Amino acid sequence: MGTWGFAAFENDVALTWMSDLEDVENLSVLDSSLQAVINLPTPSETECCEALAAAEVVAALHKAPSTMLPNPVLDWVEKHPALTDALREKAIDALEVVMADSELRDIWVEEDDLDVWKEELEDLLQRLK
């Protein structure tokens, strides 16, 4: 995976996910991306990156967007203002799974950047609450 930063959209997987999001007219892609990591004992790197991207979109729908959101995501959020508490709670649950036990977490441990990555996710978690 090509990664150039710690933010949710600073990797190739999230950018591909974002291009798929542009074609979706409802929140189903957010729900399925978040549910995917919740259902697995140790989610893969790809599943985690997609879930983090989805969680950032949920945070933006919750009126707490990252300053680093790509313009296509901001445009999509503007056209899809509905957000349920259940989806927001699912984003929180997915984020906690990714932070606790996932291949993506293991990668940041190996890179010796776990603390910086966790700070990014803690910020997202606070914006979701």
# chains A, B, ... in the order shown; residues from 1 in each chain; ligands from 1
call {"tool": "residues_around", "arguments": {"residues": "Lys90 (chain A)", "least_positions_apart": "3", "cutoff": "12 Å", "atoms": "only C-alpha atoms", "output": "list of chain:residue names"}}
result
A:Leu30, A:Asp31, A:Ser32, A:Ser33, A:Leu34, A:Gln35, A:Ala36, A:Val37, A:Ile38, A:Asn39, A:Ala51, A:Leu52, A:Ala54, A:Ala55, A:Val58, A:Ala59, A:Leu83, A:Thr84, A:Asp85, A:Ala86, A:Leu87, A:Asp93, A:Ala94, A:Leu95, A:Glu96, A:Val97, A:Leu125, A:Leu128, A:Lys129
call {"tool": "residues_around", "arguments": {"residues": "region 9-14 of chain A", "least_positions_apart": "2", "cutoff": "8 Å", "atoms": "only C-alpha atoms", "output": "list of chain:residue names"}}
result
A:Met1, A:Gly2, A:Thr3, A:Trp4, A:Gly5, A:Phe6, A:Ala7, A:Thr16, A:Trp17, A:Met18, A:Thr46, A:Cys49, A:Glu50, A:Ala53, A:Met68, A:Leu69, A:Pro70
call {"tool": "write_last_selection", "arguments": {"atoms": "N, CA and C atoms", "output": "PDB file, in the first residue's frame"}}
result
ATOM      1  N   MET A   1       0.848  -1.183   0.000  1.00  0.00           N
ATOM      2  CA  MET A   1       0.000   0.000   0.000  1.00  0.00           C
ATOM      3  C   MET A   1       0.884   1.233   0.000  1.00  0.00           C
ATOM      4  N   GLY A   2       0.535   2.195  -0.821  1.00  0.00           N
ATOM      5  CA  GLY A   2       1.236   3.467  -0.800  1.00  0.00           C
ATOM      6  C   GLY A   2       0.678   4.350   0.300  1.00  0.00           C
ATOM      7  N   THR A   3       1.528   4.746   1.229  1.00  0.00           N
ATOM      8  CA  THR A   3       1.123   5.597   2.347  1.00  0.00           C
ATOM      9  C   THR A   3       2.091   6.755   2.451  1.00  0.00           C
ATOM     10  N   TRP A   4       1.570   7.954   2.653  1.00  0.00           N
ATOM     11  CA  TRP A   4       2.438   9.124   2.766  1.00  0.00           C
ATOM     12  C   TRP A   4       2.127   9.962   3.998  1.00  0.00           C
ATOM     13  N   GLY A   5       1.269   9.435   4.881  1.00  0.00           N
ATOM     14  CA  GLY A   5       0.971  10.159   6.109  1.00  0.00           C
ATOM     15  C   GLY A   5       0.094   9.332   7.028  1.00  0.00           C
ATOM     16  N   PHE A   6      -0.294   9.932   8.138  1.00  0.00           N
ATOM     17  CA  PHE A   6      -1.058   9.235   9.169  1.00  0.00           C
ATOM     18  C   PHE A   6      -2.563   9.432   9.032  1.00  0.00           C
ATOM     19  N   ALA A   7      -2.994  10.435   8.293  1.00  0.00           N
ATOM     20  CA  ALA A   7      -4.419  10.739   8.165  1.00  0.00           C
ATOM     21  C   ALA A   7      -5.132   9.670   7.336  1.00  0.00           C
ATOM     22  N   THR A  16      -8.817   5.072  -3.348  1.00  0.00           N
ATOM     23  CA  THR A  16      -9.637   4.199  -4.190  1.00  0.00           C
ATOM     24  C   THR A  16     -11.042   4.090  -3.617  1.00  0.00           C
ATOM     25  N   TRP A  17     -11.133   3.922  -2.300  1.00  0.00           N
ATOM     26  CA  TRP A  17     -12.433   3.855  -1.622  1.00  0.00           C
ATOM     27  C   TRP A  17     -13.214   5.145  -1.879  1.00  0.00           C
ATOM     28  N   MET A  18     -12.534   6.280  -1.818  1.00  0.00           N
ATOM     29  CA  MET A  18     -13.170   7.574  -2.043  1.00  0.00           C
ATOM     30  C   MET A  18     -13.756   7.650  -3.452  1.00  0.00           C
ATOM     31  N   THR A  46      -6.171  -3.335   4.445  1.00  0.00           N
ATOM     32  CA  THR A  46      -7.121  -2.736   3.505  1.00  0.00           C
ATOM     33  C   THR A  46      -8.449  -2.439   4.184  1.00  0.00           C
ATOM     34  N   CYS A  49      -8.058   0.585   6.464  1.00  0.00           N
ATOM     35  CA  CYS A  49      -7.959   1.862   5.740  1.00  0.00           C
ATOM     36  C   CYS A  49      -9.322   2.305   5.229  1.00  0.00           C
ATOM     37  N   GLU A  50     -10.111   1.361   4.739  1.00  0.00           N
ATOM     38  CA  GLU A  50     -11.456   1.696   4.271  1.00  0.00           C
ATOM     39  C   GLU A  50     -12.347   2.123   5.436  1.00  0.00           C
ATOM     40  N   ALA A  53     -11.416   5.646   6.528  1.00  0.00           N
ATOM     41  CA  ALA A  53     -11.957   6.618   5.573  1.00  0.00           C
ATOM     42  C   ALA A  53     -13.454   6.804   5.816  1.00  0.00           C
ATOM     43  N   MET A  68      -8.234  17.876   6.758  1.00  0.00           N
ATOM     44  CA  MET A  68      -7.484  17.230   5.677  1.00  0.00           C
ATOM     45  C   MET A  68      -8.376  16.419   4.736  1.00  0.00           C
ATOM     46  N   LEU A  69      -9.695  16.585   4.829  1.00  0.00           N
ATOM     47  CA  LEU A  69     -10.575  15.826   3.946  1.00  0.00           C
ATOM     48  C   LEU A  69     -10.414  16.284   2.500  1.00  0.00           C
ATOM     49  N   PRO A  70     -10.317  15.338   1.588  1.00  0.00           N
ATOM     50  CA  PRO A  70     -10.242  15.705   0.169  1.00  0.00           C
ATOM     51  C   PRO A  70     -11.550  16.358  -0.297  1.00  0.00           C
TER      52      PRO A  70
END
call {"tool": "atom_distance", "arguments": {"atom1": "CA of Leu104 (chain A)", "atom2": "CA of Cys48 (chain A)"}}
result
6.4 Å
call {"tool": "residues_around", "arguments": {"residues": "region 62-66 of chain A", "least_positions_apart": "5", "cutoff": "9 Å", "atoms": "only C-alpha atoms", "output": "PyMOL selection string"}}
result
chain A and resi 56-57+74+81-83+88+124+127-129
call {"tool": "write_last_selection", "arguments": {"atoms": "C-alpha atoms", "output": "PDB file, in the first residue's frame"}}
result
ATOM      1  CA  GLU A  56     -13.850  10.308   8.629  1.00  0.00           C
ATOM      2  CA  VAL A  57     -16.881  10.701   6.379  1.00  0.00           C
ATOM      3  CA  LEU A  74     -16.537  17.269   1.240  1.00  0.00           C
ATOM      4  CA  PRO A  81     -26.406  15.333   5.137  1.00  0.00           C
ATOM      5  CA  ALA A  82     -28.339  12.541   6.896  1.00  0.00           C
ATOM      6  CA  LEU A  83     -26.568  10.711   9.722  1.00  0.00           C
ATOM      7  CA  ARG A  88     -21.922   7.216  14.286  1.00  0.00           C
ATOM      8  CA  LEU A 124     -11.033  11.249  14.975  1.00  0.00           C
ATOM      9  CA  ARG A 127     -14.769  14.272  16.631  1.00  0.00           C
ATOM     10  CA  LEU A 128     -17.140  11.300  16.427  1.00  0.00           C
ATOM     11  CA  LYS A 129     -18.350  11.733  20.013  1.00  0.00           C
TER      12      LYS A 129
END
call {"tool": "atom_distance", "arguments": {"atom1": "CA of Val98 (chain A)", "atom2": "CA of Leu40 (chain A)"}}
result
10.3 Å
call {"tool": "closest_residue", "arguments": {"among": "A:Ser19, A:Gln126, A:Thr67, A:Ser102", "to": "Glu47 (chain A)", "atoms": "only C-alpha atoms"}}
result
A:Ser102
call {"tool": "select_by_dssp", "arguments": {"residues": "chain A", "states": "alpha helix (DSSP H)", "output": "number ranges by chain"}}
result
A: 12-21, 28-38, 45-61, 71-79, 85-100, 103-110, 114-128
call {"tool": "write_last_selection", "arguments": {"atoms": "C-alpha atoms", "output": "JSON list (two decimals), in the first residue's frame"}}
result
[["chain", "number", "residue", "atom", "x", "y", "z"],
["A", 12, "ASP", "CA", -3.89, 4.55, -1.87],
["A", 13, "VAL", "CA", -6.59, 2.30, -0.40],
["A", 14, "ALA", "CA", -8.56, 5.24, 1.00],
["A", 15, "LEU", "CA", -8.28, 7.18, -2.24],
["A", 16, "THR", "CA", -9.64, 4.20, -4.19],
["A", 17, "TRP", "CA", -12.43, 3.85, -1.62],
["A", 18, "MET", "CA", -13.17, 7.57, -2.04],
["A", 19, "SER", "CA", -13.57, 7.20, -5.81],
["A", 20, "ASP", "CA", -16.11, 4.41, -5.18],
["A", 21, "LEU", "CA", -17.93, 6.62, -2.65],
["A", 28, "SER", "CA", -24.55, 1.87, 2.71],
["A", 29, "VAL", "CA", -20.87, 1.99, 1.73],
["A", 30, "LEU", "CA", -20.07, 3.67, 5.05],
["A", 31, "ASP", "CA", -22.01, 1.05, 6.97],
["A", 32, "SER", "CA", -20.43, -1.90, 5.16],
["A", 33, "SER", "CA", -16.88, -0.54, 5.46],
["A", 34, "LEU", "CA", -17.31, 0.00, 9.19],
["A", 35, "GLN", "CA", -19.06, -3.33, 9.78],
["A", 36, "ALA", "CA", -16.27, -5.20, 7.98],
["A", 37, "VAL", "CA", -13.71, -4.45, 10.69],
["A", 38, "ILE", "CA", -16.16, -5.00, 13.54],
["A", 45, "GLU", "CA", -4.74, -3.39, 6.41],
["A", 46, "THR", "CA", -7.12, -2.74, 3.51],
["A", 47, "GLU", "CA", -10.25, -3.19, 5.61],
["A", 48, "CYS", "CA", -8.83, -0.86, 8.25],
["A", 49, "CYS", "CA", -7.96, 1.86, 5.74],
["A", 50, "GLU", "CA", -11.46, 1.70, 4.27],
["A", 51, "ALA", "CA", -13.04, 1.80, 7.73],
["A", 52, "LEU", "CA", -10.96, 4.81, 8.76],
["A", 53, "ALA", "CA", -11.96, 6.62, 5.57],
["A", 54, "ALA", "CA", -15.60, 5.79, 6.29],
["A", 55, "ALA", "CA", -15.23, 6.99, 9.89],
["A", 56, "GLU", "CA", -13.85, 10.31, 8.63],
["A", 57, "VAL", "CA", -16.88, 10.70, 6.38],
["A", 58, "VAL", "CA", -19.16, 9.93, 9.34],
["A", 59, "ALA", "CA", -17.33, 12.57, 11.41],
["A", 60, "ALA", "CA", -17.87, 15.08, 8.60],
["A", 61, "LEU", "CA", -21.56, 14.18, 8.49],
["A", 71, "ASN", "CA", -12.63, 17.94, -1.78],
["A", 72, "PRO", "CA", -14.56, 15.02, -3.35],
["A", 73, "VAL", "CA", -15.41, 13.80, 0.17],
["A", 74, "LEU", "CA", -16.54, 17.27, 1.24],
["A", 75, "ASP", "CA", -18.71, 17.49, -1.87],
["A", 76, "TRP", "CA", -20.25, 14.07, -1.14],
["A", 77, "VAL", "CA", -20.97, 15.02, 2.48],
["A", 78, "GLU", "CA", -22.67, 18.22, 1.34],
["A", 79, "LYS", "CA", -25.06, 16.17, -0.82],
["A", 85, "ASP", "CA", -26.70, 7.79, 15.76],
["A", 86, "ALA", "CA", -26.35, 4.09, 14.98],
["A", 87, "LEU", "CA", -23.92, 4.80, 12.14],
["A", 88, "ARG", "CA", -21.92, 7.22, 14.29],
["A", 89, "GLU", "CA", -21.72, 4.60, 17.06],
["A", 90, "LYS", "CA", -20.65, 1.98, 14.51],
["A", 91, "ALA", "CA", -17.84, 4.31, 13.39],
["A", 92, "ILE", "CA", -16.68, 4.60, 17.00],
["A", 93, "ASP", "CA", -16.79, 0.81, 17.43],
["A", 94, "ALA", "CA", -14.85, 0.25, 14.21],
["A", 95, "LEU", "CA", -12.23, 2.81, 15.18],
["A", 96, "GLU", "CA", -11.73, 1.12, 18.55],
["A", 97, "VAL", "CA", -11.23, -2.26, 16.82],
["A", 98, "VAL", "CA", -8.65, -0.80, 14.41],
["A", 99, "MET", "CA", -6.78, 0.82, 17.30],
["A", 100, "ALA", "CA", -6.79, -2.29, 19.48],
["A", 103, "GLU", "CA", -2.95, -5.42, 10.74],
["A", 104, "LEU", "CA", -2.79, -1.65, 10.28],
["A", 105, "ARG", "CA", -1.91, -1.17, 13.95],
["A", 106, "ASP", "CA", 0.80, -3.82, 13.60],
["A", 107, "ILE", "CA", 2.27, -1.97, 10.61],
["A", 108, "TRP", "CA", 2.54, 1.27, 12.60],
["A", 109, "VAL", "CA", 4.15, -0.67, 15.47],
["A", 110, "GLU", "CA", 6.75, -2.07, 13.05],
["A", 114, "LEU", "CA", 2.34, 3.90, 16.69],
["A", 115, "ASP", "CA", 2.08, 6.94, 18.97],
["A", 116, "VAL", "CA", 1.72, 9.43, 16.11],
["A", 117, "TRP", "CA", -0.84, 7.21, 14.36],
["A", 118, "LYS", "CA", -2.82, 6.77, 17.58],
["A", 119, "GLU", "CA", -2.91, 10.55, 18.08],
["A", 120, "GLU", "CA", -4.54, 10.88, 14.66],
["A", 121, "LEU", "CA", -7.12, 8.24, 15.55],
["A", 122, "GLU", "CA", -7.78, 9.74, 18.99],
["A", 123, "ASP", "CA", -8.58, 13.04, 17.26],
["A", 124, "LEU", "CA", -11.03, 11.25, 14.97],
["A", 125, "LEU", "CA", -12.58, 9.46, 17.94],
["A", 126, "GLN", "CA", -13.16, 12.77, 19.73],
["A", 127, "ARG", "CA", -14.77, 14.27, 16.63],
["A", 128, "LEU", "CA", -17.14, 11.30, 16.43]]
